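Data from my_file_6.cif: mmCIF, C-alpha atoms and all ligand atoms
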data_final
loop_
_atom_site.label_atom_id
_atom_site.label_comp_id
_atom_site.auth_asym_id
_atom_site.auth_seq_id
_atom_site.Cartn_x
_atom_site.Cartn_y
_atom_site.Cartn_z
CA MET A 1 63.59 106.33 77.28
CA VAL A 2 63.69 104.22 74.12
CA GLN A 3 63.99 100.53 74.91
CA THR A 4 62.96 98.70 71.77
CA LYS A 5 66.19 96.72 71.74
CA LYS A 6 69.30 96.86 73.87
CA SER A 7 71.44 98.64 71.26
CA VAL A 8 69.16 101.70 71.09
CA ARG A 9 68.45 102.07 74.80
CA LYS A 10 69.11 105.78 75.49
CA ALA A 11 67.57 108.90 76.98
CA ASP A 12 66.10 111.01 74.18
CA GLN A 13 66.16 114.34 76.01
CA TYR A 14 69.85 114.76 75.10
CA ASP A 15 68.86 114.97 71.40
CA ASP A 16 66.10 117.51 72.01
CA PRO A 17 67.10 120.84 70.39
CA LYS A 18 65.18 122.64 73.17
CA TYR A 19 67.40 121.05 75.85
CA ASN A 20 71.09 121.91 76.20
CA TYR A 21 72.86 119.70 78.73
CA GLN A 22 75.94 121.93 78.61
CA ASP A 23 73.87 124.80 80.08
CA TYR A 24 72.96 122.58 83.04
CA TRP A 25 76.53 123.05 84.24
CA THR A 26 76.35 126.83 84.47
CA GLY A 27 76.48 127.65 88.19
CA ARG A 28 77.43 124.09 89.13
CA GLU A 29 81.17 124.70 89.38
CA TYR A 30 81.30 123.09 92.84
CA GLU A 31 79.69 119.86 91.60
CA HIS A 32 81.99 119.73 88.54
CA ALA A 33 85.12 120.38 90.63
CA ALA A 34 83.99 117.80 93.24
CA GLU A 35 83.78 115.20 90.45
CA GLU A 36 87.23 116.13 89.17
CA ILE A 37 88.60 115.71 92.70
CA ALA A 38 87.09 112.20 92.91
CA ILE A 39 88.47 111.13 89.51
CA ASN A 40 91.92 112.57 90.21
CA ARG A 41 91.99 110.75 93.54
CA LEU A 42 90.82 107.43 92.12
CA LEU A 43 93.27 107.50 89.19
CA LYS A 44 96.24 109.19 90.91
CA GLY A 45 99.60 107.96 89.64
CA GLN A 46 98.06 105.70 86.97
CA HIS A 47 98.27 105.91 83.22
CA PHE A 48 96.24 103.84 80.74
CA LYS A 49 96.50 103.12 77.06
CA ARG A 50 92.83 103.06 76.02
CA ALA A 51 89.98 104.68 78.00
CA VAL A 52 86.27 105.01 77.24
CA ASP A 53 83.95 107.68 78.67
CA VAL A 54 80.64 105.80 78.40
CA GLY A 55 77.61 108.10 78.21
CA GLY A 56 80.08 110.97 78.37
CA GLY A 57 77.66 113.58 76.98
CA TYR A 58 79.52 116.50 75.42
CA GLY A 59 82.83 115.30 76.90
CA ARG A 60 82.80 117.30 80.14
CA LEU A 61 84.97 114.66 81.84
CA SER A 62 86.63 113.21 78.72
CA LYS A 63 88.95 116.22 78.92
CA LEU A 64 90.17 115.12 82.34
CA LEU A 65 90.31 111.48 81.27
CA ALA A 66 92.72 112.44 78.49
CA LYS A 67 95.28 113.24 81.23
CA PHE A 68 95.19 109.60 82.31
CA ALA A 69 95.11 107.76 78.96
CA ASP A 70 96.78 107.80 75.54
CA ILE A 71 93.51 107.30 73.64
CA VAL A 72 90.07 108.31 74.94
CA THR A 73 86.81 107.36 73.25
CA LEU A 74 83.72 109.38 74.05
CA ALA A 75 81.01 106.72 73.59
CA GLU A 76 77.70 108.52 73.61
CA PRO A 77 74.28 107.63 72.12
CA SER A 78 73.16 111.23 71.53
CA GLN A 79 74.27 112.81 68.25
CA GLN A 80 73.54 116.26 69.67
CA GLN A 81 75.97 115.67 72.55
CA LEU A 82 78.63 114.46 70.13
CA ASP A 83 78.14 117.57 67.99
CA ILE A 84 78.61 119.81 71.05
CA ALA A 85 81.66 117.70 71.99
CA LYS A 86 83.26 118.48 68.65
CA ILE A 87 83.50 122.13 69.74
CA TYR A 88 84.04 121.52 73.47
CA LEU A 89 86.91 119.11 72.84
CA LYS A 90 88.57 120.99 69.99
CA ASP A 91 91.71 121.51 72.10
CA THR A 92 91.76 117.88 73.27
CA PRO A 93 92.68 116.01 70.08
CA ASP A 94 93.18 112.63 71.79
CA VAL A 95 89.43 112.11 72.25
CA GLU A 96 87.55 110.27 69.50
CA ARG A 97 83.75 110.60 69.41
CA LYS A 98 81.54 107.57 68.71
CA LEU A 99 77.75 107.25 68.60
CA LEU A 100 77.29 104.25 70.90
CA PRO A 101 74.98 103.15 73.73
CA ALA A 102 76.51 101.56 76.84
CA ALA A 103 74.84 98.22 76.11
CA ASP A 104 76.57 97.77 72.76
CA LEU A 105 80.01 99.37 72.69
CA LYS A 106 81.11 97.64 69.49
CA MET A 107 84.66 97.19 70.78
CA PRO A 108 86.57 93.92 70.88
CA LYS A 109 86.54 91.86 74.06
CA GLY A 110 89.33 92.87 76.46
CA SER A 111 90.41 95.85 74.35
CA VAL A 112 89.94 98.65 76.92
CA ASP A 113 92.00 99.54 80.02
CA LEU A 114 89.76 102.10 81.70
CA VAL A 115 86.00 102.88 81.60
CA LEU A 116 84.38 105.94 83.16
CA VAL A 117 80.61 106.18 83.70
CA VAL A 118 79.35 109.35 85.39
CA ARG A 119 75.74 110.53 85.79
CA VAL A 120 74.37 107.88 83.44
CA LEU A 121 72.92 105.27 85.79
CA HIS A 122 69.86 107.37 86.63
CA HIS A 123 68.70 106.63 83.06
CA LEU A 124 69.18 102.87 83.54
CA PRO A 125 66.77 101.29 86.04
CA ASP A 126 68.31 97.87 85.40
CA PRO A 127 71.94 98.43 84.34
CA MET A 128 73.02 94.75 84.28
CA VAL A 129 73.20 94.61 80.45
CA GLU A 130 75.43 97.69 80.45
CA PHE A 131 77.64 96.37 83.30
CA LYS A 132 78.17 93.11 81.41
CA GLU A 133 79.06 94.98 78.22
CA ILE A 134 81.60 97.10 80.12
CA ALA A 135 83.03 93.93 81.70
CA ARG A 136 83.29 92.39 78.21
CA VAL A 137 85.29 95.24 76.66
CA LEU A 138 87.61 95.71 79.67
CA LYS A 139 90.84 93.73 79.93
CA PRO A 140 91.20 91.46 82.96
CA GLY A 141 92.58 93.76 85.65
CA GLY A 142 91.10 96.78 83.83
CA THR A 143 89.61 99.68 85.80
CA PHE A 144 85.98 100.78 85.94
CA ILE A 145 85.12 104.11 87.59
CA LEU A 146 81.39 104.47 88.21
CA GLU A 147 79.48 107.38 89.69
CA PHE A 148 75.73 107.29 90.37
CA ALA A 149 72.99 109.09 92.30
CA ASN A 150 72.72 107.57 95.76
CA ASP A 151 69.22 106.89 97.01
CA ALA A 152 70.53 105.93 100.44
CA HIS A 153 72.31 109.23 101.15
CA PHE A 154 72.28 110.47 104.73
CA LEU A 155 69.40 112.94 104.41
CA ASN A 156 67.23 110.40 102.60
CA ARG A 157 67.85 107.82 105.31
CA ILE A 158 66.62 110.36 107.86
CA ARG A 159 63.56 111.15 105.71
CA TYR A 160 62.67 107.48 105.40
CA GLY A 161 63.48 106.87 109.09
CA ILE A 162 61.05 109.61 110.22
CA ARG A 163 58.30 107.71 108.36
CA GLY A 164 59.42 104.47 110.02
CA LYS A 165 60.65 103.08 106.70
CA ARG A 166 63.92 101.89 105.24
CA VAL A 167 65.41 103.15 101.96
CA PRO A 168 64.31 100.67 99.27
CA ARG A 169 66.95 98.46 97.68
CA THR A 170 65.20 98.70 94.31
CA PRO A 171 65.63 101.74 91.97
CA VAL A 172 63.47 104.72 92.97
CA ASP A 173 61.78 106.76 90.25
CA ILE A 174 62.55 110.45 90.86
CA SER A 175 61.14 111.83 87.60
CA SER A 176 58.62 114.65 87.87
CA PRO A 177 54.96 113.56 87.57
CA GLU A 178 54.56 115.27 84.16
CA HIS A 179 57.56 113.40 82.70
CA ARG A 180 56.94 110.04 84.38
CA GLY A 181 57.35 107.21 81.90
CA GLU A 182 59.03 109.37 79.22
CA ILE A 183 62.67 109.17 80.27
CA ALA A 184 63.85 106.89 83.06
CA PHE A 185 65.07 108.90 86.03
CA VAL A 186 65.99 106.74 88.99
CA ASN A 187 68.23 106.78 92.04
CA HIS A 188 69.95 103.56 93.04
CA HIS A 189 70.82 101.96 96.36
CA PRO A 190 74.63 101.53 96.53
CA LYS A 191 74.39 98.03 98.02
CA THR A 192 72.22 96.84 95.11
CA ILE A 193 74.63 98.32 92.55
CA ILE A 194 77.69 96.84 94.28
CA LYS A 195 76.04 93.39 94.30
CA MET A 196 75.19 93.70 90.57
CA LEU A 197 78.75 94.72 89.76
CA GLY A 198 80.06 91.66 91.60
CA ASP A 199 77.71 89.47 89.54
CA ALA A 200 78.93 91.20 86.34
CA GLY A 201 82.56 90.26 87.10
CA PHE A 202 84.00 93.21 89.03
CA GLU A 203 85.90 93.45 92.28
CA LEU A 204 85.33 96.58 94.37
CA GLU A 205 88.52 98.49 95.20
CA THR A 206 87.48 101.92 96.51
CA ILE A 207 84.33 103.80 97.49
CA LEU A 208 84.06 107.59 97.73
CA SER A 209 81.18 109.74 98.89
CA GLY A 210 80.60 112.62 96.46
CA SER A 211 79.12 116.14 96.44
CA ASN A 212 78.85 115.91 100.22
CA LEU A 213 78.33 119.65 100.69
CA ARG A 214 75.93 120.31 97.84
CA SER A 215 73.89 123.10 99.37
CA PRO A 216 73.22 126.61 97.99
CA ARG A 217 73.56 128.03 101.50
CA LEU A 218 76.95 126.40 102.15
CA LYS A 219 78.17 127.56 98.75
CA LYS A 220 77.26 131.12 99.71
CA VAL A 221 78.60 131.02 103.28
CA LEU A 222 81.85 129.13 102.76
CA GLY A 223 82.78 130.01 99.17
CA LYS A 224 84.03 127.60 96.52
CA ARG A 225 87.64 127.01 97.60
CA PRO A 226 87.07 126.15 101.28
CA LEU A 227 84.05 124.08 100.26
CA LEU A 228 86.15 122.06 97.84
CA ALA A 229 88.96 121.63 100.38
CA LEU A 230 86.38 120.18 102.79
CA GLU A 231 84.84 118.04 100.04
CA LYS A 232 88.26 116.58 99.27
CA LEU A 233 88.73 115.65 102.92
CA LEU A 234 85.26 114.18 103.29
CA GLN A 235 85.07 112.01 100.14
CA PRO A 236 86.94 109.04 101.67
CA LEU A 237 85.92 109.73 105.29
CA LEU A 238 82.17 109.61 104.58
CA ALA A 239 82.33 106.76 102.08
CA PRO A 240 81.67 103.94 104.60
CA ILE A 241 78.28 105.47 105.48
CA TYR A 242 77.33 106.44 101.87
CA PHE A 243 76.75 109.96 103.13
CA GLY A 244 76.63 112.06 99.96
CA PRO A 245 74.08 112.25 97.12
CA SER A 246 76.65 110.73 94.78
CA VAL A 247 78.62 107.48 95.13
CA TRP A 248 81.93 106.79 93.39
CA LEU A 249 83.19 103.26 92.93
CA LYS A 250 86.55 102.10 91.62
CA LEU A 251 86.34 98.51 90.40
CA ARG A 252 88.70 95.98 88.89
CA LYS A 253 87.61 93.64 86.13
CA LEU A 254 88.34 90.08 87.31
C1 LIG B 1 73.50 113.57 82.73
S1 LIG B 1 74.30 113.19 81.23
C2 LIG B 1 75.95 112.83 81.78
C3 LIG B 1 76.98 113.05 80.73
C4 LIG B 1 78.41 112.93 81.23
N1 LIG B 1 78.70 111.60 81.70
C5 LIG B 1 78.68 113.94 82.29
O1 LIG B 1 78.83 113.54 83.45
O2 LIG B 1 78.73 115.12 81.98
C6 LIG B 1 73.68 111.58 80.87
C7 LIG B 1 74.25 111.02 79.61
O3 LIG B 1 73.92 109.64 79.56
C8 LIG B 1 73.68 109.33 78.20
N2 LIG B 1 72.91 108.09 78.14
C9 LIG B 1 71.59 107.89 78.36
N3 LIG B 1 71.26 106.61 78.17
C10 LIG B 1 72.42 105.98 77.83
C11 LIG B 1 72.74 104.65 77.49
N4 LIG B 1 71.82 103.70 77.49
N5 LIG B 1 74.01 104.37 77.16
C12 LIG B 1 74.97 105.33 77.20
N6 LIG B 1 74.72 106.60 77.52
C13 LIG B 1 73.46 106.93 77.82
C14 LIG B 1 72.91 110.53 77.68
O4 LIG B 1 72.87 110.57 76.28
C15 LIG B 1 73.70 111.66 78.34
O5 LIG B 1 74.75 112.10 77.54
#
Please express the file's structure as structure tokens.
Ligand SMILES: C[S@@+](CC[C@H](N)C(=O)[O-])C[C@H]1O[C@@H](n2cnc3c(N)ncnc32)[C@H](O)[C@@H]1O
Amino acid sequence: MVQTKKSVRKADQYDDPKYNYQDYWTGREYEHAAEEIAINRLLKGQHFKRAVDVGGGYGRLSKLLAKFADIVTLAEPSQQQLDIAKIYLKDTPDVERKLLPAADLKMPKGSVDLVLVVRVLHHLPDPMVEFKEIARVLKPGGTFILEFANDAHFLNRIRYGIRGKRVPRTPVDISSPEHRGEIAFVNHHPKTIIKMLGDAGFELETILSGSNLRSPRLKKVLGKRPLLALEKLLQPLLAPIYFGPSVWLKLRKL
């Protein structure tokens, strides 16, 4: 993680020619579809003028976002991801690609109607600067959809409980020992993130619990379609207990 100044804060692995983030998604069709279900549910019946997919990588979800907005900007600090996006998004002409970190979006205040941030927060141990920048560019009443890795998911609470401990409210480093310190890799506690978002000027509208059935065994036994039907049912039902490994928040800029 480069953190010399806020405008260059990014995770370098996405520019490493030896690492292809697009390949990460091979075999993860359930996880991808579960995320699409969450976004479709959170944005159902709405249409926006200007949307930004912040830290959108190669545009995996910008494609879906283009269904909900006239203009979509893929704001991404990795040039490699933007280059892959050029090919991946060739049939989605309404997405413009910009080399930008979340902390410095270089967009006028109140110029954006919808922001999406998915799978980015694990690279940001203290995302307050980024939350404030997103609040700055959003119009009052604008929508912020945020997904992040949940440190307080059900299984983790059991693991901590067995040791007589509580899940920490501070970010937990989950990077492998050999990569520790290179690229930030943290899980967050939902209550900490929700408090920060309130301080940054957002009102919480909806919570969903995501990827609730992420298990190789379940994938094999149930198959993709029944698994996704169940996932769809469970996302709102399990939200109050932050059950899944992923948390979705829909927020309104005050
Ligand atoms: C796991 S990928 C997720 C990409 C995309 N949102 C998705 O769900 O497919 C993490 C992305 O976060 C981006 N990223 C890392 N640090 C960032 C920062 N400070 N600001 C914006 N994006 C960042 C990386 O470049 C990478 O594209």
Skip A:His189 itself and residues of its chain fewer than 4 positions away, then list as a PDB file with C-alpha atoms, keeping the file's coordinate frame all residues within 6 Å of it, counting only C-alpha atoms.
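File written: selection.pdb
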ATOM      1  CA  ASN A 150      72.720 107.570  95.760  1.00  0.00           C
ATOM      2  CA  ASP A 151      69.220 106.890  97.010  1.00  0.00           C
ATOM      3  CA  ALA A 152      70.530 105.930 100.440  1.00  0.00           C
ATOM      4  CA  ARG A 169      66.950  98.460  97.680  1.00  0.00           C
TER       5      ARG A 169
END
Would you mind listing, for every residue of chain A within 8 Å of ligand LIG 1 (chain B), the two atoms forming the shortest contact and the distance between them in Å to one decimal, using all atoms listed in the file, sorted by chain and ascending residue number, as a Markdown table?
| residue | atom | partner | partner_atom | distance |
| --- | --- | --- | --- | --- |
| A:Met1 | CA | B:LIG1 | N3 | 7.7 |
| A:Val8 | CA | B:LIG1 | N4 | 7.2 |
| A:Arg9 | CA | B:LIG1 | N4 | 4.6 |
| A:Lys10 | CA | B:LIG1 | N3 | 3.5 |
| A:Ala11 | CA | B:LIG1 | C9 | 4.4 |
| A:Asp12 | CA | B:LIG1 | O4 | 7.1 |
| A:Gln13 | CA | B:LIG1 | O4 | 7.7 |
| A:Tyr14 | CA | B:LIG1 | O4 | 5.3 |
| A:Asp15 | CA | B:LIG1 | O4 | 7.7 |
| A:Tyr21 | CA | B:LIG1 | S1 | 7.1 |
| A:Asp53 | CA | B:LIG1 | N1 | 7.2 |
| A:Val54 | CA | B:LIG1 | C12 | 5.8 |
| A:Gly55 | CA | B:LIG1 | N6 | 3.3 |
| A:Gly56 | CA | B:LIG1 | N1 | 3.7 |
| A:Gly57 | CA | B:LIG1 | O5 | 3.3 |
| A:Tyr58 | CA | B:LIG1 | O2 | 6.7 |
| A:Gly59 | CA | B:LIG1 | O2 | 6.5 |
| A:Arg60 | CA | B:LIG1 | O2 | 5.0 |
| A:Leu61 | CA | B:LIG1 | O2 | 6.3 |
| A:Ala75 | CA | B:LIG1 | C12 | 7.2 |
| A:Glu76 | CA | B:LIG1 | N6 | 5.3 |
| A:Pro77 | CA | B:LIG1 | O4 | 5.3 |
| A:Ser78 | CA | B:LIG1 | O4 | 4.8 |
| A:Gln81 | CA | B:LIG1 | O5 | 6.3 |
| A:Leu100 | CA | B:LIG1 | C12 | 6.8 |
| A:Pro101 | CA | B:LIG1 | N5 | 3.8 |
| A:Ala102 | CA | B:LIG1 | N5 | 3.8 |
| A:Ala103 | CA | B:LIG1 | N5 | 6.3 |
| A:Val117 | CA | B:LIG1 | N1 | 6.1 |
| A:Val118 | CA | B:LIG1 | N1 | 4.4 |
| A:Arg119 | CA | B:LIG1 | C2 | 4.6 |
| A:Val120 | CA | B:LIG1 | O3 | 4.3 |
| A:Leu121 | CA | B:LIG1 | O3 | 7.7 |
| A:His123 | CA | B:LIG1 | N3 | 5.5 |
| A:Leu124 | CA | B:LIG1 | N4 | 6.7 |
| A:Glu130 | CA | B:LIG1 | N5 | 7.6 |
Counting all atoms listed in the file, which residues of stretch 110-227 of chain A sit at most 9 Å from some atom of stretch 39-49 of chain A, and what is each one's closest atom pair with its distance in Å to one decimal, listed by chain and rising residue number, as a tab-separated table?
residue	atom	partner	partner_atom	distance
A:Val112	CA	A:Lys49	CA	7.9
A:Asp113	CA	A:Phe48	CA	6.1
A:Leu114	CA	A:Phe48	CA	6.8
A:Ile145	CA	A:Leu42	CA	8.0
A:Thr206	CA	A:Leu42	CA	7.8
A:Leu208	CA	A:Leu42	CA	8.8
Checklist entry - Quick one: distance from atom CA of A:Ala51 to atom CA of A:Gly110 in Å, one decimal? => result 11.9 Å
Checklist entry - atom CA of A:Lys195 and atom CA of A:Lys250 are how many Å apart? => result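 It comes out at 13.9 Å.
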Checklist entry - Skipping near chain neighbours, those fewer than 2 positions away, what residues fall within 12 Å of stretch 210-219 of chain A using all atoms listed in the file, listed as a PyMOL selection string? => result chain A and resi 27-39+41+118-119+146-150+153-155+207-208+221-249
Checklist entry - Quick one: distance from atom CA of A:Leu197 to atom CA of A:Leu82 in Å, one decimal? => result 27.8 Å
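Shortest separation to A:Gly201 among A:Lys106, A:Lys132, A:Arg50, A:Lys98 occurs at residue A:Lys132, atoms counted being only C-alpha atoms.
Of the residues listed (A:Lys90, A:Arg252, A:Arg159, A:Lys139), A:Arg252 shows the shortest atom-to-atom separation from A:Glu203; distances use all atoms listed in the file.
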Some atoms are absent from stretch 146-161 of chain A, so rebuild N, CA and C atoms and return them as an mmCIF file, in the coordinates of the input.
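The resulting file, selection_16.cif, is reproduced below:
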data_model
loop_
_atom_site.group_PDB
_atom_site.id
_atom_site.type_symbol
_atom_site.label_atom_id
_atom_site.label_comp_id
_atom_site.auth_asym_id
_atom_site.auth_seq_id
_atom_site.Cartn_x
_atom_site.Cartn_y
_atom_site.Cartn_z
ATOM 1 N N LEU A 146 82.833 104.261 88.348
ATOM 2 C CA LEU A 146 81.390 104.470 88.210
ATOM 3 C C LEU A 146 80.891 105.465 89.254
ATOM 4 N N GLU A 147 80.138 106.445 88.776
ATOM 5 C CA GLU A 147 79.480 107.380 89.690
ATOM 6 C C GLU A 147 77.977 107.281 89.459
ATOM 7 N N PHE A 148 77.197 107.310 90.542
ATOM 8 C CA PHE A 148 75.730 107.290 90.370
ATOM 9 C C PHE A 148 75.054 108.007 91.533
ATOM 10 N N ALA A 149 73.780 108.387 91.283
ATOM 11 C CA ALA A 149 72.990 109.090 92.300
ATOM 12 C C ALA A 149 72.560 108.090 93.374
ATOM 13 N N ASN A 150 72.869 108.468 94.619
ATOM 14 C CA ASN A 150 72.720 107.570 95.760
ATOM 15 C C ASN A 150 71.372 107.765 96.459
ATOM 16 N N ASP A 151 70.526 106.766 96.354
ATOM 17 C CA ASP A 151 69.220 106.890 97.010
ATOM 18 C C ASP A 151 69.309 106.745 98.527
ATOM 19 N N ALA A 152 70.407 106.178 98.992
ATOM 20 C CA ALA A 152 70.530 105.930 100.440
ATOM 21 C C ALA A 152 71.418 106.988 101.107
ATOM 22 N N HIS A 153 71.476 108.204 100.522
ATOM 23 C CA HIS A 153 72.310 109.230 101.150
ATOM 24 C C HIS A 153 71.740 109.605 102.518
ATOM 25 N N PHE A 154 72.584 110.254 103.313
ATOM 26 C CA PHE A 154 72.280 110.470 104.730
ATOM 27 C C PHE A 154 70.913 111.127 104.961
ATOM 28 N N LEU A 155 70.661 112.217 104.211
ATOM 29 C CA LEU A 155 69.400 112.940 104.410
ATOM 30 C C LEU A 155 68.192 112.061 104.066
ATOM 31 N N ASN A 156 68.339 111.277 103.007
ATOM 32 C CA ASN A 156 67.230 110.400 102.600
ATOM 33 C C ASN A 156 66.964 109.327 103.650
ATOM 34 N N ARG A 157 68.039 108.839 104.264
ATOM 35 C CA ARG A 157 67.850 107.820 105.310
ATOM 36 C C ARG A 157 67.061 108.414 106.472
ATOM 37 N N ILE A 158 67.373 109.694 106.782
ATOM 38 C CA ILE A 158 66.620 110.360 107.860
ATOM 39 C C ILE A 158 65.153 110.507 107.445
ATOM 40 N N ARG A 159 64.942 110.954 106.182
ATOM 41 C CA ARG A 159 63.560 111.150 105.710
ATOM 42 C C ARG A 159 62.762 109.854 105.812
ATOM 43 N N TYR A 160 63.350 108.772 105.338
ATOM 44 C CA TYR A 160 62.670 107.480 105.400
ATOM 45 C C TYR A 160 62.470 107.069 106.864
ATOM 46 N N GLY A 161 63.522 107.281 107.682
ATOM 47 C CA GLY A 161 63.480 106.870 109.090
ATOM 48 C C GLY A 161 62.332 107.543 109.831
#
